[in-house]
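Shown below: work-v5.txt, with compact mmCIF, C-alpha atoms (C1' of nucleotides).
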# COMPACT_ATOMS: atom_id res chain seq x y z
CA MET A 1 131.26 97.55 190.12
CA VAL A 2 132.88 99.90 192.62
CA ASP A 3 131.06 101.05 195.69
CA ILE A 4 131.11 104.78 195.17
CA LYS A 5 129.67 105.60 198.57
CA GLU A 6 132.28 103.44 200.21
CA MET A 7 135.01 105.21 198.25
CA PHE A 8 133.77 108.57 199.47
CA ARG A 9 133.67 107.27 203.03
CA SER A 10 137.20 105.97 202.96
CA GLU A 11 138.35 109.16 201.25
CA ILE A 12 137.02 111.21 204.16
CA LYS A 13 138.27 108.83 206.83
CA LYS A 14 141.66 108.43 205.20
CA ASN A 15 144.63 109.46 207.21
CA SER A 16 145.91 112.81 206.17
CA VAL A 17 148.81 114.96 207.21
CA PHE A 18 146.45 117.93 207.28
CA LYS A 19 144.62 118.93 210.42
CA ASN A 20 143.00 122.00 208.87
CA LYS A 21 143.81 122.52 205.25
CA ASN A 22 142.26 126.01 205.14
CA ILE A 23 145.01 127.31 207.34
CA VAL A 24 147.61 126.24 204.80
CA SER A 25 145.73 127.88 201.95
CA PRO A 26 147.45 130.95 200.50
CA HIS A 27 144.24 132.93 201.04
CA TYR A 28 144.05 132.31 204.76
CA ILE A 29 144.60 135.39 206.90
CA PRO A 30 146.17 134.59 210.27
CA ASP A 31 145.30 136.58 213.37
CA ILE A 32 148.90 137.11 214.32
CA LEU A 33 151.29 138.56 211.81
CA PRO A 34 154.90 137.91 212.75
CA PHE A 35 157.61 140.41 211.77
CA ARG A 36 155.14 143.11 210.87
CA ASP A 37 155.06 144.95 214.21
CA ASP A 38 156.66 148.09 212.82
CA GLN A 39 154.18 148.31 209.98
CA ILE A 40 151.24 147.64 212.30
CA LYS A 41 152.43 150.37 214.67
CA GLU A 42 152.76 152.84 211.82
CA ILE A 43 149.31 152.02 210.50
CA ILE A 44 147.75 152.44 213.95
CA LEU A 45 149.59 155.71 214.45
CA ASN A 46 148.09 157.01 211.26
CA LEU A 47 144.57 155.65 211.62
CA ALA A 48 143.96 156.21 215.32
CA PRO A 49 142.87 159.88 215.00
CA ALA A 50 139.89 158.65 212.99
CA LEU A 51 138.47 157.14 216.17
CA GLN A 52 138.27 160.65 217.58
CA GLY A 53 136.53 161.88 214.50
CA LYS A 54 139.59 163.54 213.05
CA LYS A 55 140.56 163.48 209.42
CA ILE A 56 143.44 161.09 208.82
CA ASN A 57 146.20 160.87 206.27
CA ASN A 58 145.82 158.66 203.26
CA LEU A 59 148.11 155.67 203.41
CA PHE A 60 150.08 153.95 200.73
CA LEU A 61 151.38 150.43 201.31
CA TYR A 62 154.01 149.11 199.02
CA GLY A 63 155.71 145.71 198.89
CA LYS A 64 156.10 142.65 196.69
CA THR A 65 153.53 139.87 196.64
CA GLY A 66 153.40 137.71 199.71
CA THR A 67 154.91 140.27 202.07
CA GLY A 68 151.76 140.58 204.13
CA LYS A 69 150.38 143.91 202.95
CA THR A 70 146.83 142.74 202.44
CA SER A 71 146.72 140.54 205.54
CA THR A 72 148.15 143.26 207.74
CA ILE A 73 145.79 146.00 206.68
CA LYS A 74 142.79 143.67 206.80
CA VAL A 75 143.57 142.50 210.33
CA VAL A 76 144.30 145.99 211.65
CA LEU A 77 141.14 147.47 210.15
CA ALA A 78 138.97 144.64 211.44
CA LYS A 79 140.23 145.23 214.98
CA MET A 80 139.79 148.95 214.61
CA GLU A 81 136.20 148.59 213.47
CA GLU A 82 135.54 146.22 216.37
CA LEU A 83 136.95 148.67 218.87
CA ALA A 84 134.90 151.51 217.49
CA LYS A 85 131.74 149.44 217.94
CA GLU A 86 132.60 148.44 221.50
CA ARG A 87 133.34 151.88 222.83
CA THR A 88 130.85 154.68 223.04
CA ASP A 89 133.53 157.34 223.13
CA CYS A 90 134.73 156.35 219.68
CA LYS A 91 133.42 157.61 216.37
CA ASN A 92 131.84 155.16 213.98
CA ILE A 93 134.36 153.65 211.65
CA VAL A 94 133.42 151.81 208.51
CA THR A 95 136.13 150.11 206.54
CA THR A 96 135.82 148.66 203.08
CA TYR A 97 138.14 146.49 201.08
CA ILE A 98 138.18 146.39 197.31
CA ASN A 99 140.43 144.51 194.97
CA CYS A 100 140.89 146.73 191.97
CA ARG A 101 141.44 143.77 189.70
CA ASN A 102 137.68 143.30 189.76
CA HIS A 103 136.70 146.94 190.14
CA ASN A 104 139.08 148.84 187.96
CA THR A 105 137.41 152.19 187.32
CA LYS A 106 136.28 155.10 189.46
CA TYR A 107 132.67 154.41 188.63
CA ARG A 108 132.84 150.72 189.51
CA ILE A 109 134.61 151.40 192.79
CA ILE A 110 132.10 153.97 193.96
CA LEU A 111 129.18 151.87 192.73
CA LYS A 112 130.45 148.86 194.66
CA HIS A 113 130.62 151.02 197.76
CA ILE A 114 127.11 152.36 197.63
CA ASN A 115 125.75 148.91 196.78
CA ASP A 116 127.45 147.51 199.86
CA LEU A 117 126.69 150.41 202.19
CA TYR A 118 123.02 150.79 201.28
CA LYS A 119 122.60 147.04 200.67
CA HIS A 120 120.75 147.86 197.50
CA ASP A 121 121.62 147.39 193.83
CA TYR A 122 122.05 150.72 192.12
CA VAL A 123 122.31 149.59 188.54
CA GLY A 124 122.54 152.03 185.68
CA TYR A 125 122.82 155.25 187.63
CA SER A 126 125.02 158.08 186.43
CA SER A 127 128.47 158.57 187.80
CA SER A 128 127.55 161.82 189.56
CA PHE A 129 124.56 160.13 191.20
CA VAL A 130 126.61 157.33 192.72
CA TYR A 131 129.20 159.82 193.91
CA ASP A 132 126.56 161.91 195.68
CA LYS A 133 125.05 158.78 197.16
CA LEU A 134 128.40 157.88 198.69
CA THR A 135 129.05 161.28 200.27
CA GLU A 136 125.47 161.36 201.49
CA TYR A 137 125.96 158.08 203.33
CA VAL A 138 129.11 159.31 205.01
CA ARG A 139 127.51 162.64 206.00
CA LYS A 140 124.21 161.23 207.26
CA ASN A 141 125.79 158.46 209.31
CA LYS A 142 128.70 160.63 210.43
CA ILE A 143 131.16 157.85 209.78
CA GLY A 144 134.84 157.76 209.13
CA LEU A 145 135.04 155.72 205.97
CA ILE A 146 138.34 154.01 205.29
CA ILE A 147 138.65 152.57 201.83
CA VAL A 148 141.30 149.98 201.05
CA LEU A 149 142.15 149.83 197.38
CA ASP A 150 144.18 146.67 196.87
CA GLU A 151 146.19 146.43 193.65
CA ILE A 152 145.47 150.10 193.16
CA ASP A 153 147.81 150.18 190.16
CA LEU A 154 145.18 148.30 188.16
CA ILE A 155 142.67 151.15 188.25
CA LYS A 156 142.41 152.65 184.81
CA ASP A 157 141.62 156.18 185.97
CA VAL A 158 143.56 156.26 189.23
CA ASP A 159 144.10 160.00 189.20
CA ASP A 160 140.39 160.65 188.80
CA THR A 161 139.48 158.08 191.43
CA VAL A 162 141.84 159.37 194.10
CA TYR A 163 140.96 162.95 193.32
CA ALA A 164 137.22 162.31 193.56
CA LEU A 165 137.50 160.44 196.85
CA THR A 166 139.79 162.94 198.54
CA ARG A 167 137.87 165.93 197.22
CA ALA A 168 134.76 164.51 198.86
CA ASN A 169 136.24 165.58 202.19
CA ASP A 170 135.96 169.23 201.18
CA GLU A 171 132.22 168.85 200.81
CA LEU A 172 131.79 166.89 204.00
CA THR A 173 131.17 168.76 207.21
CA GLU A 174 130.56 165.55 209.14
CA GLY A 175 132.40 162.31 208.58
CA SER A 176 135.36 161.72 206.33
CA ILE A 177 136.74 159.48 203.63
CA SER A 178 140.29 158.15 203.66
CA ILE A 179 142.11 155.90 201.26
CA VAL A 180 144.59 153.12 201.86
CA GLY A 181 146.27 152.25 198.58
CA VAL A 182 148.04 148.91 198.27
CA SER A 183 150.37 148.02 195.42
CA ASN A 184 153.19 145.70 194.50
CA ASN A 185 154.23 147.70 191.47
CA VAL A 186 157.29 149.88 192.01
CA MET A 187 156.72 151.90 188.89
CA PHE A 188 153.16 152.75 189.83
CA LYS A 189 153.99 155.94 191.73
CA GLN A 190 155.85 157.36 188.75
CA LYS A 191 152.77 157.16 186.61
CA LEU A 192 150.67 159.24 188.97
CA ASP A 193 149.71 162.84 188.56
CA MET A 194 151.64 165.12 190.96
CA ARG A 195 148.49 166.05 192.86
CA THR A 196 147.41 162.43 193.22
CA LYS A 197 150.86 161.41 194.35
CA SER A 198 150.98 163.96 197.14
CA SER A 199 147.50 163.19 198.42
CA LEU A 200 147.68 159.41 198.14
CA CYS A 201 151.21 159.04 199.44
CA GLU A 202 150.84 161.30 202.45
CA LYS A 203 152.16 158.40 204.43
CA GLU A 204 154.07 155.60 202.78
CA LEU A 205 154.84 152.19 204.25
CA VAL A 206 157.16 149.62 202.78
CA PHE A 207 156.75 145.90 203.39
CA PRO A 208 160.13 144.26 202.85
CA PRO A 209 160.41 140.63 201.71
CA TYR A 210 160.83 138.03 204.43
CA ASN A 211 164.20 136.35 204.87
CA ALA A 212 164.64 132.61 205.26
CA ASN A 213 164.54 132.69 209.07
CA GLU A 214 161.37 134.74 209.16
CA LEU A 215 159.74 132.46 206.61
CA THR A 216 160.67 129.45 208.72
CA LYS A 217 158.93 130.98 211.74
CA ILE A 218 155.86 131.81 209.68
CA LEU A 219 155.73 128.27 208.33
CA GLN A 220 156.19 126.78 211.80
CA ASP A 221 153.15 128.71 213.01
CA ARG A 222 151.06 127.46 210.14
CA VAL A 223 152.31 123.92 210.50
CA GLN A 224 151.28 123.82 214.13
CA GLU A 225 147.72 124.77 213.30
CA GLY A 226 147.30 123.33 209.85
CA PHE A 227 149.02 119.97 210.08
CA ASN A 228 148.71 117.06 212.44
CA GLU A 229 151.37 116.62 215.04
CA ASN A 230 154.74 115.31 213.85
CA CYS A 231 153.59 115.25 210.28
CA VAL A 232 156.11 117.72 208.94
CA GLU A 233 159.83 117.22 209.20
CA ASP A 234 161.81 120.28 210.27
CA SER A 235 164.08 119.93 207.27
CA ALA A 236 161.05 120.13 205.00
CA ILE A 237 160.04 123.45 206.55
CA GLY A 238 163.60 124.68 206.21
CA LEU A 239 163.74 123.74 202.58
CA ALA A 240 160.41 125.34 201.74
CA SER A 241 161.43 128.63 203.37
CA ALA A 242 164.85 128.51 201.74
CA TYR A 243 163.26 128.07 198.31
CA ALA A 244 160.85 130.94 198.88
CA ALA A 245 163.48 133.24 200.38
CA GLN A 246 165.78 132.58 197.47
CA GLU A 247 163.18 133.54 194.93
CA SER A 248 161.30 136.47 196.36
CA GLY A 249 160.87 136.32 200.12
CA ASP A 250 157.26 135.57 199.40
CA ALA A 251 155.34 133.95 202.24
CA ARG A 252 152.57 132.86 199.93
CA THR A 253 154.96 130.80 197.83
CA ALA A 254 156.42 129.19 200.94
CA ILE A 255 152.99 128.24 202.22
CA LEU A 256 151.89 127.00 198.82
CA LEU A 257 154.96 124.76 198.71
CA LEU A 258 153.98 123.17 202.00
CA LEU A 259 150.39 122.76 200.88
CA ARG A 260 151.42 120.97 197.70
CA ALA A 261 153.98 118.90 199.59
CA GLY A 262 151.21 117.85 201.96
CA GLU A 263 149.00 116.84 199.07
CA ILE A 264 151.82 114.81 197.58
CA ALA A 265 152.42 113.10 200.92
CA ASP A 266 148.72 112.26 201.19
CA GLU A 267 148.66 110.91 197.66
CA ASN A 268 151.60 108.64 198.42
CA LYS A 269 150.01 107.65 201.73
CA GLU A 270 153.00 108.94 203.66
CA THR A 271 152.58 109.96 207.26
CA LYS A 272 155.23 112.66 207.17
CA ILE A 273 156.14 115.46 204.81
CA THR A 274 159.79 115.16 203.86
CA GLU A 275 162.30 117.23 201.96
CA ILE A 276 161.64 115.10 198.92
CA ASP A 277 157.96 116.04 198.99
CA VAL A 278 158.89 119.71 199.13
CA ARG A 279 161.25 119.26 196.23
CA ASN A 280 158.53 117.60 194.18
CA ALA A 281 156.07 120.25 195.26
CA LYS A 282 158.43 122.91 193.96
CA LYS A 283 158.52 121.24 190.57
CA LYS A 284 154.76 121.08 190.55
CA VAL A 285 154.34 124.70 191.59
CA GLU A 286 156.87 125.80 189.02
CA LYS A 287 155.02 123.97 186.31
CA ASP A 288 151.71 125.49 187.41
CA ILE A 289 153.19 128.98 187.33
CA LEU A 290 154.78 128.38 183.94
CA LEU A 291 151.58 126.93 182.56
CA ASN A 292 149.72 129.97 183.80
CA MET A 293 152.22 132.37 182.31
CA VAL A 294 152.50 130.60 179.00
CA SER A 295 148.79 130.29 178.42
CA THR A 296 148.27 134.02 178.93
CA LEU A 297 151.01 134.81 176.42
CA PRO A 298 149.91 136.12 173.02
CA GLU A 299 150.04 133.53 170.25
CA GLN A 300 153.08 134.95 168.48
CA LEU A 301 155.06 135.08 171.73
CA GLN A 302 154.22 131.43 172.30
CA TYR A 303 155.69 130.62 168.89
CA VAL A 304 158.89 132.48 169.75
CA LEU A 305 159.12 130.68 173.06
CA PHE A 306 158.44 127.37 171.39
CA ALA A 307 161.20 128.03 168.87
CA ILE A 308 163.62 128.68 171.70
CA THR A 309 162.60 125.56 173.63
CA ARG A 310 162.85 123.34 170.56
CA LEU A 311 166.30 124.60 169.66
CA THR A 312 167.49 124.38 173.25
CA LYS A 313 166.26 120.81 173.49
CA SER A 314 167.89 119.69 170.27
CA LYS A 315 171.13 121.43 171.22
CA ASN A 316 171.20 119.70 174.56
CA GLN A 317 170.84 116.38 172.78
CA THR A 318 173.44 116.86 170.05
CA THR A 319 176.24 118.79 171.71
CA LEU A 320 177.77 117.17 174.72
CA GLY A 321 180.23 119.94 175.53
CA PRO A 322 179.53 121.79 178.73
CA ASN A 323 180.38 125.08 177.04
CA SER A 324 177.37 125.18 174.79
CA GLU A 325 174.86 125.29 177.70
CA GLY A 326 171.97 125.80 175.34
CA ILE A 327 172.90 129.29 174.23
CA LEU A 328 171.23 130.34 171.01
CA HIS A 329 171.77 133.11 168.47
CA SER A 330 168.89 135.37 167.57
CA GLY A 331 169.31 134.51 163.88
CA GLU A 332 168.72 130.79 164.25
CA VAL A 333 165.86 131.37 166.64
CA TYR A 334 164.25 133.73 164.17
CA ASN A 335 164.50 131.12 161.40
CA GLU A 336 162.92 128.48 163.63
CA TYR A 337 160.20 130.88 164.72
CA TYR A 338 159.56 131.80 161.08
CA ARG A 339 159.15 128.12 160.22
CA ILE A 340 156.79 127.45 163.13
CA ALA A 341 154.59 130.43 162.37
CA LYS A 342 154.37 129.40 158.70
CA ILE A 343 153.37 125.86 159.61
CA GLN A 344 150.67 127.30 161.88
CA GLY A 345 149.40 129.29 158.93
CA LYS A 346 150.23 132.61 160.59
CA SER A 347 152.34 135.33 159.05
CA PRO A 348 155.60 135.76 160.95
CA VAL A 349 156.58 139.22 162.13
CA SER A 350 159.67 141.01 160.88
CA LEU A 351 163.07 140.52 162.48
CA LYS A 352 162.81 143.93 164.08
CA TRP A 353 159.61 143.14 165.85
CA PHE A 354 160.83 139.67 166.69
CA LYS A 355 163.52 141.35 168.78
CA GLN A 356 160.80 143.28 170.52
CA TYR A 357 159.22 139.95 171.41
CA LEU A 358 162.51 138.74 172.80
CA GLU A 359 162.67 141.79 175.05
CA GLU A 360 159.19 141.03 176.27
CA LEU A 361 160.04 137.43 177.05
CA GLU A 362 163.09 138.62 178.96
CA LEU A 363 160.89 141.01 180.92
CA TYR A 364 158.78 138.05 181.99
CA GLY A 365 161.97 136.30 183.07
CA MET A 366 161.42 133.41 180.69
CA ILE A 367 164.67 133.98 178.82
CA ALA A 368 167.94 135.80 179.43
CA THR A 369 169.72 137.67 176.67
CA THR A 370 173.12 139.27 176.21
CA ILE A 371 174.91 140.85 173.30
CA SER A 372 177.58 138.58 171.86
CA GLY A 373 181.27 139.24 172.40
CA LYS A 374 184.26 137.28 171.14
CA GLY A 375 183.83 133.98 169.44
CA VAL A 376 180.83 135.06 167.43
CA ARG A 377 180.74 136.77 164.11
CA GLY A 378 179.45 140.32 164.36
CA THR A 379 176.98 141.33 167.03
CA THR A 380 174.14 139.02 167.91
CA THR A 381 171.77 138.62 170.78
CA LEU A 382 172.58 135.47 172.67
CA ILE A 383 169.53 133.79 174.11
CA LYS A 384 169.28 131.40 177.00
CA LEU A 385 166.10 129.81 178.25
CA GLY A 386 165.32 130.79 181.83
CA ALA A 387 162.99 127.89 182.59
CA ASP A 388 163.40 124.16 182.17
CA ALA A 389 163.22 123.27 178.47
CA GLY A 390 161.59 119.91 179.15
CA ILE A 391 158.76 121.38 181.21
CA LEU A 392 158.17 124.21 178.76
CA ASN A 393 158.17 121.84 175.84
CA SER A 394 155.59 119.63 177.50
CA ILE A 395 153.39 122.69 177.97
CA LEU A 396 153.83 124.15 174.51
CA GLU A 397 153.87 121.05 172.33
CA PRO A 398 150.21 120.18 172.80
CA LYS A 399 149.24 123.80 172.14
CA ILE A 400 151.26 124.15 168.96
CA SER A 401 151.08 121.05 166.83
CA ILE A 402 153.86 120.65 164.32
C1' DC B 1 194.03 146.28 156.34
C1' DC B 2 189.83 145.82 154.05
C1' DT B 3 185.57 143.64 153.24
C1' DC B 4 181.82 141.00 154.56
C1' DC B 5 178.69 139.07 157.61
C1' DA B 6 175.12 139.04 160.98
C1' DC B 7 173.13 141.36 163.19
C1' DA B 8 171.72 145.98 166.54
C1' DG B 9 168.91 149.73 167.08
C1' DG B 10 166.95 154.36 165.79
C1' DA B 11 163.53 156.90 162.87
C1' DA B 12 159.70 157.26 160.13
C1' DG B 13 155.59 155.76 158.56
C1' DC B 14 151.40 152.76 157.86
C1' DG B 15 146.82 150.69 158.91
C1' DC B 16 143.64 149.92 162.22
C1' DA B 17 140.66 150.39 166.42
C1' DG B 18 138.62 152.87 169.83
C1' DG B 19 137.64 157.10 172.16
C1' DA B 20 136.76 162.15 172.13
C1' DG B 21 134.77 166.00 170.18
C1' DT B 22 130.99 168.16 167.52
C1' DA C 1 126.04 160.05 163.29
C1' DC C 2 129.93 161.90 161.83
C1' DT C 3 134.78 163.23 161.75
C1' DC C 4 139.08 163.69 163.98
C1' DC C 5 142.67 162.22 166.88
C1' DT C 6 145.57 159.17 169.23
C1' DG C 7 147.84 155.02 170.53
C1' DC C 8 149.18 150.46 169.28
C1' DG C 9 151.32 146.88 166.71
C1' DC C 10 153.97 146.44 163.19
C1' DT C 11 156.97 147.16 158.74
C1' DT C 12 160.53 149.38 156.11
C1' DC C 13 164.56 151.77 155.71
C1' DC C 14 168.78 153.21 157.20
C1' DT C 15 173.02 153.64 159.70
C1' DG C 16 176.05 151.56 162.94
C1' DT C 17 179.18 147.85 165.05
C1' DG C 18 182.63 144.54 165.74
C1' DG C 19 184.65 140.06 164.91
C1' DA C 20 185.93 136.63 161.03
C1' DG C 21 188.18 135.74 157.00
C1' DG C 22 190.84 136.73 152.99

Take the structure in this file and express it as structure tokens.
Amino acid sequence: MVDIKEMFRSEIKKNSVFKNKNIVSPHYIPDILPFRDDQIKEIILNLAPALQGKKINNLFLYGKTGTGKTSTIKVVLAKMEELAKERTDCKNIVTTYINCRNHNTKYRIILKHINDLYKHDYVGYSSSFVYDKLTEYVRKNKIGLIIVLDEIDLIKDVDDTVYALTRANDELTEGSISIVGVSNNVMFKQKLDMRTKSSLCEKELVFPPYNANELTKILQDRVQEGFNENCVEDSAIGLASAYAAQESGDARTAILLLLRAGEIADENKETKITEIDVRNAKKKVEKDILLNMVSTLPEQLQYVLFAITRLTKSKNQTTLGPNSEGILHSGEVYNEYYRIAKIQGKSPVSLKWFKQYLEELELYGMIATTISGKGVRGTTTLIKLGADAGILNSILEPKISI
DNA sequence: CCTCCACAGGAAGCGCAGGAGT
DNA sequence: ACTCCTGCGCTTCCTGTGGAGG
């Protein structure tokens, strides 16, 4: 019989490379944001007039994931709110942050605001009621309300939302409402109504991806606070930032790599995180991401992907020539897909639509396709798996039993 | 050179679901 | 409550296209 209490005790006491694991979590927001001085300056320049009770421009922040958009705006707004409270010569500033993944309609966004501001649950009220409640709060308290809409591209009725919130200013004689839109979707702006575009994007800020050197510095900062002294080899930091820079310049990925590497080191009872741990962490992270992507894929797309992985695997085993490199023709993949779908008791889609699926998979970056040239009869789409066939197969095989 | 193969890719249309209008 | 409309996912049909093979 094991002593469970004792196991817990030793688990807590156990030597770990981590000093404070929270700091290495991808959700942690540091106080100091390196390499974002320009953006911070711009934001301050645009928001400062609000402290004097003036109406400010709406802001639009754009940049890929992990470029510090959310952290930057959160930190700047927190300081701004603090300052406004400290000084009597400043107007009252209230800032709110909403992730539009969870609140994805005009109604839900406004409702969330009045619930938070009044600290009362307004359930089941009409959309005009909640809107009036919001403007009333701003007017009565004479506040400058700054609303951050993170992942703004996920709002279903963006045009309506932005219009309603900016129009509120026309009705307000005291106080004001401003919007900070945050998005990582390049195409988002194109979808907007002309009026919305001009009012939302009064001031636009771009957050560029970090390069390898910048990522290294960011990681070093985190390592100092999050890990115990001398527990992370410099080369491990270098490798993690190189990996992340290569892929997207995404700080979150870089930090996640270190976190996982740390967990691996702890598991193996190592005292130091090495390059090998980072390399293993990368494999683990990759698999997690793939698993996530694959499981959200529609059933039919999973079959197509499974067909490609199976054929790629069998090709790798039979042909030894380096020229083959697991390149498949759309015809053979379609046949395999057809077979798999039949076995699953599902009706396969037509060849035409199958090609549509291929396009979708390419969009997700899971495969690469080209139109055939010489050496192949006629014109065919050549398909190459973008991810590791072995990993994908291990994910898909349990899901689709053959 | 011609024909055939193995597809590509556009156009039209179908059935269904969900939302808007009345 | 009802119809009407629209968008989505998909099929069917049709017209290329370009190398392989006779």

Protein/DNA/RNA residues near (191.2, 144.9, 155.9), cut 10 Å, only C-alpha atoms (C1' of nucleotides), as a PyMOL selection string: (chain B and resi 1-3) or (chain C and resi 21-22)

If you count all atoms listed in the file, which residues fall within 10 Å of DT11 (chain C), apart from same-chain ones fewer than 4 positions away, as a VMD selection string? (chain A and resid 349 to 353) or (chain B and resid 13 to 14)

Contact set, chain C to chain A: 9 Å, all atoms listed in the file, as a list of chain:residue names: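 Per the criterion, chain C yields C:DC10, C:DT11, C:DT17, C:DG18, C:DG19, C:DA20.
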
So what do you get for CA of Glu362 (chain A) versus CA of Leu385 (chain A), distance-wise?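 CA of Leu385 (chain A) lies at a distance of 9.3 Å from CA of Glu362 (chain A).
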
Mind giving me the straight-line distance from CA of Val75 (chain A) to CA of Thr196 (chain A) in Å, one decimal?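 Pair CA of Val75 (chain A) / CA of Thr196 (chain A) returns 26.5 Å.
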
Kindly determine which residues of chain B lie within 9 Å of chain A, considering only C-alpha atoms (C1' of nucleotides), and give the answer as a PyMOL selection string. chain B and resi 5-9

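Atom pair CA of Asp193 (chain A) / CA of Val158 (chain A): separated by 9.0 Å.
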
Which residue, B:DA11, B:DC4, B:DC16, B:DT22, has the smallest gap to DT3 (chain C) when you use all atoms listed in the file?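 So, comparing all the options, the nearest one is B:DT22.
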
What's around Val206 (chain A) at 7 Å? Count only C-alpha atoms (C1' of nucleotides), leave out sequence neighbours fewer than 4 positions away in its own chain, and write the answer as a PyMOL selection string. chain A and resi 61-63

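Residues within 6 Å of Gly226 (chain A), counting only C-alpha atoms (C1' of nucleotides) and excluding same-chain residues fewer than 5 positions away, are Lys19, Asn20, Lys21, Ile23 and Val24 of chain A.
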
Find the residues around Ile40 (chain A) up to 12 Å (all atoms listed in the file counted), leave out those fewer than 3 positions away in its own chain, and share them as a count of residues only. 28
